[in-house]
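Heads up, the thing below is written out as structure tokens.
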Amino acid sequence: MSHHSERNKILHWCFWFFTGNTILFYLISLGYFSAISWFHSSYLSPKNILILKCFAAFSQIGFFGLLSLLLASLMMIAAYWYTKRRLILTSSIIIAIATAIVLTIDVYTYKVSHYHLNGIILNLIFNGLINEVFTLSHNELIFALSIFLFIIIIEILYGLALWRAVDKNWGFVYKKWFILLVAVCFYLSYSMLVYSQQYQLHRILVDISRVLPYYANLQGLLMFGKNGIYKINHFAEEHCLQAQGLNLPLNYPLTKLQPSSAKNNPNILIIVIDSWRFDMLSRDITPNLYQFAGKSWVFKNHFSGGNATGPGIFSLLYGLPYSYWSSMEIQQRGPVFIDELNNQGYDMGIFASASLSLPPFDKTVFSGVNHLQINTQGDSPYQRDLTITDNFKKFISKTKKPFFSFLFYDAAHGFCSFDEDLKPFIPVVKNCDRSQLTHESDPTPYFNRYKNALQLVDKEIGKVITYLDEKNLLQNTIILITADHGEEFNDGASGYWGHANHFSDYQVKVPLIVHWPKQSPKEFMHTTSHYDVVPTLMKQGLGFNNFLAHYSIGSELLDTTRRPYLIINSYVDFAVITNNRRTRILSNGNYIIETNMGETLFTEKLDIPIIHQAYEDLRRFYQNQNI
């Protein structure tokens, strides 16, 4: 066979191998659209739903067809200059396998977290933090490996079968028709997005376009040339860009703290339950906490500063938004609250079921704690929960000075990690498979599993409270019990599950119980947040009279003055919450306005003064505020 003939066959194979993969990519990507509830919305007319489905189909065919053509072009260029059949075929199959597997992972990530594999999510994965977004059960891991194995087998078989067909000179025509189909679909989806700007449906089309990874970027590059991405961003109203990964000089606190006026330093205990949402403080689910709440202050309208562990804990112990995280971590600047506990000679007992290096709390909130125990022994979250209860008791039995202790329970977050059937709430799902969860899925088996896990945590906290009572420490110990974030179970029928992916009440509103010695029990209905905890402890507990704004964006918990807004962070974006709506600012600057329960409001406009004030809070504690 001549060199020219061999090269033509390889080029022919490359084109049809990758364009044939369009079918596989398309089938995998159907998982994206199962996460969209608009196709079943009663809010839209049948005609509008048909338009949305056409847009989704055009976008999907155009996007993955173009992806296949790009991969084919790269390998055809390589084959043209380096005609080695085995090398080209092997490399192509490996590239196709890798693309399909990455796409499968991205589909799963999007269905669970509603985020694509961007730089921030990849950073979480590479640093072992992906469990902060979702935890995988044993069955989910087996299912994922089975899918990967299937992709490998199907790609190899398809590649070999296609080569036999090419080698036998079977007729393969319609190349230009495939290219034309991709171009037409891509152009139609682009046209629908651009020319719908004057209609209310435009924002829904923009919302659906986010389902495909880097869709707007790709259209901008191909359709508009040099200023394409800017124009696509303009069409999507993306003009609220936020900085990511900053490491700027800090101005924290703004002034030096004045000496404490406290005469008797109380003990301080903060207990955090991972993923404990606001409506899960009840007699049947958390009986010990419910009983303790009846003797304490209960804040009924309390919000975390985040919908994930990192932002939630950061806001709780700094009283600041998560936007300061990277600077605090890189510069290892701990919160002034911990500084002052050290200055006043407190014994520190930090006990966490989850690792304190994932996220790196050892370099941020607890960087000032000596002899910090980063990891806790145990094969499961619940076993580690048992351990930290015992470790806390040992700590209390030995300390002779005022103490600060932080207990972080994890079993509710890892409710899918239990192999045994949990009770009393039934039915429960025996094997978690969250890749199959959609807006139509019945949440009950998962929700019951979560409530059963919460009840196990409740028993451990009951042991802690009983032990403090037996040691006569309740009368001199401030006890604060709350959560880092909530947990959603498709409550709004919009396909949101878990946390770190939405800003509805189910993910950001959490219980807060405060036992303040010698104070009568009371319920408070005004809005409070994690940002208010450090100012309250600093002023009322440790006796500091500095202006709260010098080290926090919060107020005192008992201050009933109306908060005009709250800032809630995720790992990727943030939301500005007011009384009647939530403005979600995406990492690329685009925004979504929603109700408290997550229903999108497409006719609402940005409240520019509120957004401006929020951005002032996001940069107040940097030396250079013009960021």
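Each chain of the structure tokens is named A, B, ... in the order shown, its residues numbered from 1; ligands are numbered from 1 in display order.
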Name the residues in contact with range 446-455 of chain A at a cut-off of 9 Å, using only C-alpha atoms, excluding same-chain residues fewer than 2 positions from it; report them as a short mmCIF file (atom, residue, chain, number, x, y, z; two decimals) with C-alpha atoms, in the first residue's frame.
```cif
data_model
loop_
_atom_site.label_atom_id
_atom_site.label_comp_id
_atom_site.auth_asym_id
_atom_site.auth_seq_id
_atom_site.Cartn_x
_atom_site.Cartn_y
_atom_site.Cartn_z
CA ILE A 273 -23.68 20.01 62.87
CA TRP A 276 -28.35 20.68 59.64
CA MET A 280 -34.76 19.92 61.39
CA ASP A 284 -39.01 13.67 66.85
CA ILE A 285 -35.80 14.26 64.85
CA THR A 286 -33.49 15.93 67.40
CA PRO A 287 -35.14 15.35 70.81
CA TYR A 382 -20.43 8.52 62.65
CA ALA A 411 -22.71 12.12 60.25
CA ALA A 412 -25.62 14.09 58.76
CA HIS A 413 -23.37 15.30 55.93
CA GLY A 414 -22.29 11.72 55.24
CA PHE A 415 -25.76 10.18 55.54
CA CYS A 416 -25.06 8.02 52.47
CA PHE A 418 -23.92 4.19 56.35
CA ASP A 421 -30.46 0.45 57.37
CA LEU A 422 -31.09 3.40 59.67
CA LYS A 423 -34.22 3.91 61.75
CA PRO A 424 -36.70 5.12 62.98
CA PHE A 425 -37.58 7.08 59.83
CA ILE A 426 -38.55 4.77 56.97
CA PRO A 427 -38.51 4.03 54.09
CA VAL A 428 -34.82 4.69 53.46
CA VAL A 429 -32.79 4.17 50.32
CA LYS A 430 -30.38 1.27 50.88
CA CYS A 432 -27.56 5.92 47.35
CA ASP A 442 -39.15 11.16 45.33
CA PRO A 443 -36.93 12.62 48.08
CA THR A 444 -38.47 10.59 50.92
CA VAL A 457 -25.71 13.31 66.02
CA ASP A 458 -28.41 14.51 68.42
CA LYS A 459 -27.57 11.64 70.78
CA GLU A 460 -23.90 12.66 70.83
CA GLU A 488 -31.81 20.36 50.07
CA PHE A 489 -33.91 17.42 48.89
#
```
Legend entry - Every residue of range 424-563 of chain A that DSSP places in strand (DSSP E), as a VMD selection string: chain A and resid 477 to 483 488 to 489 497 to 498 513 to 515 522 to 524 528 to 529
Take the residues from that selection and write them out as a short mmCIF file (atom, residue, chain, number, x, y, z; two decimals), in the first residue's frame, keeping all heavy atoms.
```cif
data_model
loop_
_atom_site.label_atom_id
_atom_site.label_comp_id
_atom_site.auth_asym_id
_atom_site.auth_seq_id
_atom_site.Cartn_x
_atom_site.Cartn_y
_atom_site.Cartn_z
N THR A 477 -20.88 28.62 81.08
CA THR A 477 -20.47 28.27 79.72
C THR A 477 -21.49 28.77 78.71
O THR A 477 -22.68 28.45 78.79
CB THR A 477 -20.33 26.74 79.56
OG1 THR A 477 -19.38 26.25 80.52
CG2 THR A 477 -19.86 26.38 78.16
N ILE A 478 -21.00 29.59 77.79
CA ILE A 478 -21.82 29.99 76.64
C ILE A 478 -21.78 28.85 75.63
O ILE A 478 -20.71 28.44 75.19
CB ILE A 478 -21.30 31.29 76.00
CG1 ILE A 478 -21.32 32.44 77.01
CG2 ILE A 478 -22.10 31.64 74.76
CD1 ILE A 478 -20.60 33.69 76.51
N ILE A 479 -22.94 28.33 75.29
CA ILE A 479 -23.02 27.22 74.33
C ILE A 479 -23.80 27.69 73.12
O ILE A 479 -24.94 28.17 73.24
CB ILE A 479 -23.70 25.98 74.94
CG1 ILE A 479 -22.96 25.53 76.20
CG2 ILE A 479 -23.76 24.85 73.92
CD1 ILE A 479 -23.66 24.39 76.92
N LEU A 480 -23.19 27.56 71.98
CA LEU A 480 -23.82 27.95 70.73
C LEU A 480 -23.88 26.72 69.83
O LEU A 480 -22.84 26.10 69.56
CB LEU A 480 -23.03 29.08 70.08
CG LEU A 480 -23.60 29.74 68.83
CD1 LEU A 480 -23.19 31.21 68.79
CD2 LEU A 480 -23.09 29.04 67.56
N ILE A 481 -25.07 26.34 69.37
CA ILE A 481 -25.25 25.15 68.53
C ILE A 481 -25.89 25.58 67.22
O ILE A 481 -26.97 26.19 67.20
CB ILE A 481 -26.14 24.10 69.22
CG1 ILE A 481 -25.59 23.77 70.61
CG2 ILE A 481 -26.21 22.83 68.36
CD1 ILE A 481 -26.50 22.83 71.41
N THR A 482 -25.25 25.26 66.11
CA THR A 482 -25.74 25.68 64.80
C THR A 482 -25.22 24.72 63.72
O THR A 482 -24.78 23.60 64.03
CB THR A 482 -25.31 27.13 64.50
OG1 THR A 482 -25.96 27.59 63.32
CG2 THR A 482 -23.81 27.26 64.36
N ALA A 483 -25.27 25.15 62.47
CA ALA A 483 -24.80 24.33 61.34
C ALA A 483 -23.95 25.18 60.42
O ALA A 483 -24.01 26.42 60.45
CB ALA A 483 -25.98 23.75 60.58
N GLU A 488 -30.59 20.30 50.86
CA GLU A 488 -31.81 20.36 50.07
C GLU A 488 -32.14 18.99 49.49
O GLU A 488 -31.26 18.25 49.06
CB GLU A 488 -31.67 21.40 48.95
CG GLU A 488 -32.96 21.72 48.23
CD GLU A 488 -32.90 23.02 47.44
OE1 GLU A 488 -31.83 23.66 47.43
OE2 GLU A 488 -33.92 23.40 46.84
N PHE A 489 -33.43 18.69 49.44
CA PHE A 489 -33.91 17.42 48.89
C PHE A 489 -35.01 17.68 47.87
O PHE A 489 -36.14 17.24 48.02
CB PHE A 489 -34.42 16.52 50.03
CG PHE A 489 -33.35 16.02 50.94
CD1 PHE A 489 -32.96 16.77 52.04
CD2 PHE A 489 -32.69 14.82 50.70
CE1 PHE A 489 -31.95 16.32 52.89
CE2 PHE A 489 -31.69 14.37 51.53
CZ PHE A 489 -31.31 15.12 52.63
N TRP A 497 -30.40 19.19 44.85
CA TRP A 497 -30.19 18.21 45.92
C TRP A 497 -28.88 18.56 46.64
O TRP A 497 -27.93 19.04 46.04
CB TRP A 497 -30.08 16.81 45.35
CG TRP A 497 -31.32 16.33 44.65
CD1 TRP A 497 -31.71 16.62 43.37
CD2 TRP A 497 -32.35 15.48 45.18
NE1 TRP A 497 -32.89 16.01 43.07
CE2 TRP A 497 -33.31 15.30 44.16
CE3 TRP A 497 -32.53 14.84 46.41
CZ2 TRP A 497 -34.44 14.51 44.34
CZ3 TRP A 497 -33.66 14.06 46.59
CH2 TRP A 497 -34.61 13.89 45.56
N GLY A 498 -28.84 18.28 47.94
CA GLY A 498 -27.60 18.47 48.69
C GLY A 498 -27.36 19.91 49.07
O GLY A 498 -28.26 20.63 49.52
N ILE A 513 -29.11 27.78 68.35
CA ILE A 513 -29.46 27.70 69.76
C ILE A 513 -28.32 28.32 70.55
O ILE A 513 -27.16 27.97 70.35
CB ILE A 513 -29.66 26.23 70.20
CG1 ILE A 513 -30.73 25.55 69.35
CG2 ILE A 513 -30.02 26.15 71.68
CD1 ILE A 513 -30.79 24.04 69.56
N VAL A 514 -28.64 29.24 71.44
CA VAL A 514 -27.61 29.87 72.27
C VAL A 514 -28.01 29.73 73.73
O VAL A 514 -29.06 30.23 74.15
CB VAL A 514 -27.43 31.36 71.92
CG1 VAL A 514 -26.40 32.00 72.85
CG2 VAL A 514 -27.00 31.52 70.46
N HIS A 515 -27.16 29.05 74.49
CA HIS A 515 -27.33 28.98 75.95
C HIS A 515 -26.40 30.04 76.56
O HIS A 515 -25.17 29.92 76.50
CB HIS A 515 -26.96 27.59 76.48
CG HIS A 515 -26.77 27.55 77.96
ND1 HIS A 515 -27.82 27.54 78.85
CD2 HIS A 515 -25.63 27.53 78.72
CE1 HIS A 515 -27.35 27.50 80.08
NE2 HIS A 515 -26.02 27.50 80.03
N LYS A 522 -35.81 32.17 75.35
CA LYS A 522 -36.61 33.07 74.54
C LYS A 522 -36.43 32.71 73.07
O LYS A 522 -35.38 32.23 72.65
CB LYS A 522 -36.18 34.52 74.77
CG LYS A 522 -37.07 35.55 74.10
CD LYS A 522 -36.65 36.97 74.46
CE LYS A 522 -37.56 38.00 73.80
NZ LYS A 522 -37.18 39.40 74.13
N GLU A 523 -37.47 32.96 72.27
CA GLU A 523 -37.39 32.79 70.83
C GLU A 523 -37.30 34.17 70.17
O GLU A 523 -38.00 35.10 70.57
CB GLU A 523 -38.61 32.04 70.29
CG GLU A 523 -38.63 30.56 70.67
CD GLU A 523 -39.74 29.81 69.96
OE1 GLU A 523 -40.59 30.47 69.30
OE2 GLU A 523 -39.77 28.57 70.05
N PHE A 524 -36.45 34.27 69.16
CA PHE A 524 -36.24 35.52 68.44
C PHE A 524 -36.61 35.31 66.98
O PHE A 524 -36.16 34.35 66.35
CB PHE A 524 -34.79 35.98 68.55
CG PHE A 524 -34.34 36.25 69.97
CD1 PHE A 524 -33.77 35.24 70.73
CD2 PHE A 524 -34.49 37.50 70.53
CE1 PHE A 524 -33.36 35.47 72.03
CE2 PHE A 524 -34.08 37.76 71.83
CZ PHE A 524 -33.52 36.74 72.59
N THR A 528 -31.04 37.01 61.72
CA THR A 528 -29.66 36.98 62.21
C THR A 528 -28.83 36.12 61.27
O THR A 528 -29.37 35.41 60.42
CB THR A 528 -29.58 36.40 63.64
OG1 THR A 528 -30.16 35.08 63.65
CG2 THR A 528 -30.32 37.29 64.62
N SER A 529 -27.52 36.18 61.42
CA SER A 529 -26.64 35.40 60.54
C SER A 529 -25.38 34.99 61.29
O SER A 529 -25.10 35.47 62.39
CB SER A 529 -26.27 36.21 59.30
OG SER A 529 -25.26 37.16 59.59
#
```
Inset, instruction - Could you tell me which of A:Gly159, A:Pro381, A:Gly492, A:Pro311 comes closest to Thr364 in chain A if we count only C-alpha atoms? - result: A:Pro311
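The list of residues with at least one atom within 9 Å of Leu162 in chain A, based on only C-alpha atoms and without residues fewer than 3 positions apart in the same chain, reads Trp13, Trp16, Phe17, Leu157, Tyr158, Gly159, Ala165, Val166 and Asp167 of chain A.
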Inset, instruction - Please provide the set of residues having any atom within 12 Å of Ala57 in chain A, restricted to only C-alpha atoms, with same-chain residues fewer than 3 positions apart removed, written as a VMD selection string. - result: chain A and resid 26 to 27 29 to 30 32 to 33 50 to 54 60 to 65 182 184 to 186 188 to 189 208 to 209 212
Just the selected residues (N, CA, C and O atoms), exported as a short mmCIF file (atom, residue, chain, number, x, y, z; two decimals), in the first residue's frame, please.
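See part04.cif below for the written result:
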```cif
data_model
loop_
_atom_site.label_atom_id
_atom_site.label_comp_id
_atom_site.auth_asym_id
_atom_site.auth_seq_id
_atom_site.Cartn_x
_atom_site.Cartn_y
_atom_site.Cartn_z
N TYR A 26 -23.50 13.02 22.72
CA TYR A 26 -24.87 13.50 22.81
C TYR A 26 -25.66 12.70 23.85
O TYR A 26 -26.38 13.26 24.67
N LEU A 27 -25.52 11.37 23.81
CA LEU A 27 -26.25 10.53 24.76
C LEU A 27 -25.82 10.81 26.19
O LEU A 27 -26.65 10.87 27.11
N SER A 29 -24.62 13.59 27.30
CA SER A 29 -25.03 14.95 27.69
C SER A 29 -26.51 15.07 27.96
O SER A 29 -26.95 16.11 28.48
N LEU A 30 -27.30 14.05 27.64
CA LEU A 30 -28.72 14.11 27.98
C LEU A 30 -28.91 14.26 29.49
O LEU A 30 -29.94 14.77 29.94
N TYR A 32 -27.41 16.31 31.35
CA TYR A 32 -27.48 17.73 31.69
C TYR A 32 -28.92 18.20 31.75
O TYR A 32 -29.33 18.89 32.69
N PHE A 33 -29.69 17.84 30.73
CA PHE A 33 -31.02 18.41 30.59
C PHE A 33 -32.04 17.78 31.53
O PHE A 33 -33.11 18.33 31.74
N LEU A 50 -41.85 24.24 23.93
CA LEU A 50 -41.36 23.70 22.66
C LEU A 50 -40.17 24.50 22.16
O LEU A 50 -39.18 23.94 21.67
N ILE A 51 -40.23 25.82 22.30
CA ILE A 51 -39.11 26.67 21.91
C ILE A 51 -37.86 26.32 22.72
O ILE A 51 -36.75 26.22 22.18
N LEU A 52 -38.04 26.13 24.02
CA LEU A 52 -36.91 25.79 24.89
C LEU A 52 -36.30 24.45 24.49
O LEU A 52 -35.08 24.29 24.46
N LYS A 53 -37.14 23.47 24.18
CA LYS A 53 -36.64 22.16 23.80
C LYS A 53 -35.90 22.22 22.46
O LYS A 53 -34.88 21.55 22.28
N CYS A 54 -36.42 23.02 21.53
CA CYS A 54 -35.72 23.20 20.25
C CYS A 54 -34.36 23.85 20.47
O CYS A 54 -33.35 23.43 19.89
N GLN A 60 -27.26 21.44 21.78
CA GLN A 60 -26.58 20.19 22.09
C GLN A 60 -25.92 19.59 20.84
O GLN A 60 -24.75 19.19 20.87
N ILE A 61 -26.67 19.52 19.74
CA ILE A 61 -26.12 18.95 18.51
C ILE A 61 -24.98 19.81 17.99
O ILE A 61 -23.92 19.31 17.62
N GLY A 62 -25.19 21.13 18.00
CA GLY A 62 -24.15 22.01 17.52
C GLY A 62 -22.90 21.97 18.38
O GLY A 62 -21.77 21.91 17.87
N PHE A 63 -23.09 21.97 19.69
CA PHE A 63 -21.95 22.02 20.61
C PHE A 63 -21.11 20.75 20.51
O PHE A 63 -19.88 20.81 20.33
N PHE A 64 -21.75 19.59 20.62
CA PHE A 64 -20.98 18.34 20.63
C PHE A 64 -20.54 17.93 19.24
O PHE A 64 -19.52 17.24 19.08
N GLY A 65 -21.27 18.36 18.21
CA GLY A 65 -20.78 18.16 16.85
C GLY A 65 -19.53 18.95 16.61
O GLY A 65 -18.56 18.46 16.01
N VAL A 182 -24.04 20.53 11.77
CA VAL A 182 -23.46 21.13 12.98
C VAL A 182 -23.51 22.65 12.90
O VAL A 182 -23.91 23.33 13.86
N VAL A 184 -25.49 24.60 11.08
CA VAL A 184 -26.86 25.11 11.13
C VAL A 184 -27.40 25.07 12.55
O VAL A 184 -28.01 26.04 13.03
N CYS A 185 -27.20 23.94 13.26
CA CYS A 185 -27.69 23.84 14.64
C CYS A 185 -27.03 24.87 15.54
O CYS A 185 -27.70 25.51 16.36
N PHE A 186 -25.73 25.05 15.35
CA PHE A 186 -25.03 26.02 16.18
C PHE A 186 -25.53 27.43 15.89
O PHE A 186 -25.75 28.24 16.81
N LEU A 188 -28.48 28.30 14.66
CA LEU A 188 -29.86 28.46 15.11
C LEU A 188 -29.91 28.72 16.63
O LEU A 188 -30.68 29.57 17.09
N SER A 189 -29.11 27.98 17.39
CA SER A 189 -29.11 28.20 18.84
C SER A 189 -28.57 29.59 19.17
O SER A 189 -29.10 30.27 20.06
N ILE A 208 -30.68 27.94 30.30
CA ILE A 208 -30.49 26.62 29.69
C ILE A 208 -29.13 26.52 29.02
O ILE A 208 -28.48 25.46 29.04
N SER A 209 -28.65 27.62 28.43
CA SER A 209 -27.34 27.57 27.76
C SER A 209 -26.21 27.29 28.74
O SER A 209 -25.17 26.75 28.35
N LEU A 212 -24.63 23.59 29.15
CA LEU A 212 -23.50 23.09 28.36
C LEU A 212 -22.23 23.79 28.81
O LEU A 212 -22.19 25.02 28.89
#
```
Legend entry - Non-local contacts of Ser441 in chain A (12 Å; only C-alpha atoms; under 4 positions in same chain excluded) as a PyMOL selection string: chain A and resi 34-35+37+433-437+445-447+489-497
Output file for the residues above (C-alpha atoms, as a compact mmCIF listing (two decimals), in the first residue's frame):
```txt
# COMPACT_ATOMS: atom_id res chain seq x y z
CA SER A 34 -32.56 16.08 33.13
CA ALA A 35 -31.45 18.70 35.67
CA SER A 37 -37.07 21.80 35.35
CA ASP A 433 -27.38 6.75 43.65
CA ARG A 434 -27.62 10.51 43.29
CA SER A 435 -26.76 10.42 39.60
CA GLN A 436 -30.37 9.36 39.02
CA LEU A 437 -31.95 12.15 41.07
CA PRO A 445 -35.99 7.65 51.05
CA TYR A 446 -33.02 10.03 51.02
CA PHE A 447 -34.63 12.53 53.35
CA PHE A 489 -33.91 17.42 48.89
CA ASN A 490 -35.60 18.74 45.77
CA ASP A 491 -37.84 20.75 48.08
CA GLY A 492 -38.75 23.29 45.42
CA ALA A 493 -39.17 20.60 42.72
CA SER A 494 -36.40 22.33 40.76
CA GLY A 495 -33.86 19.51 40.78
CA TYR A 496 -31.59 20.82 43.54
CA TRP A 497 -30.19 18.21 45.92
```
Legend entry - Nearest candidate to Ile567 in chain A (options A:Ala549, A:Val534, A:Leu618, A:Leu160; using only C-alpha atoms):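 Answer, going by the shortest atom-to-atom distance: A:Leu618.
Closest approach to Met192 in chain A among A:Ile610, A:Ala56, A:Ile153, A:Leu320 is made by A:Ala56 (distances from only C-alpha atoms).
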Legend entry - Contacts of Gly31 in chain A within 8 Å, only C-alpha atoms, excl. fewer than 5 positions in-chain, as an NGL selection string: :A and (107-108 or 111)
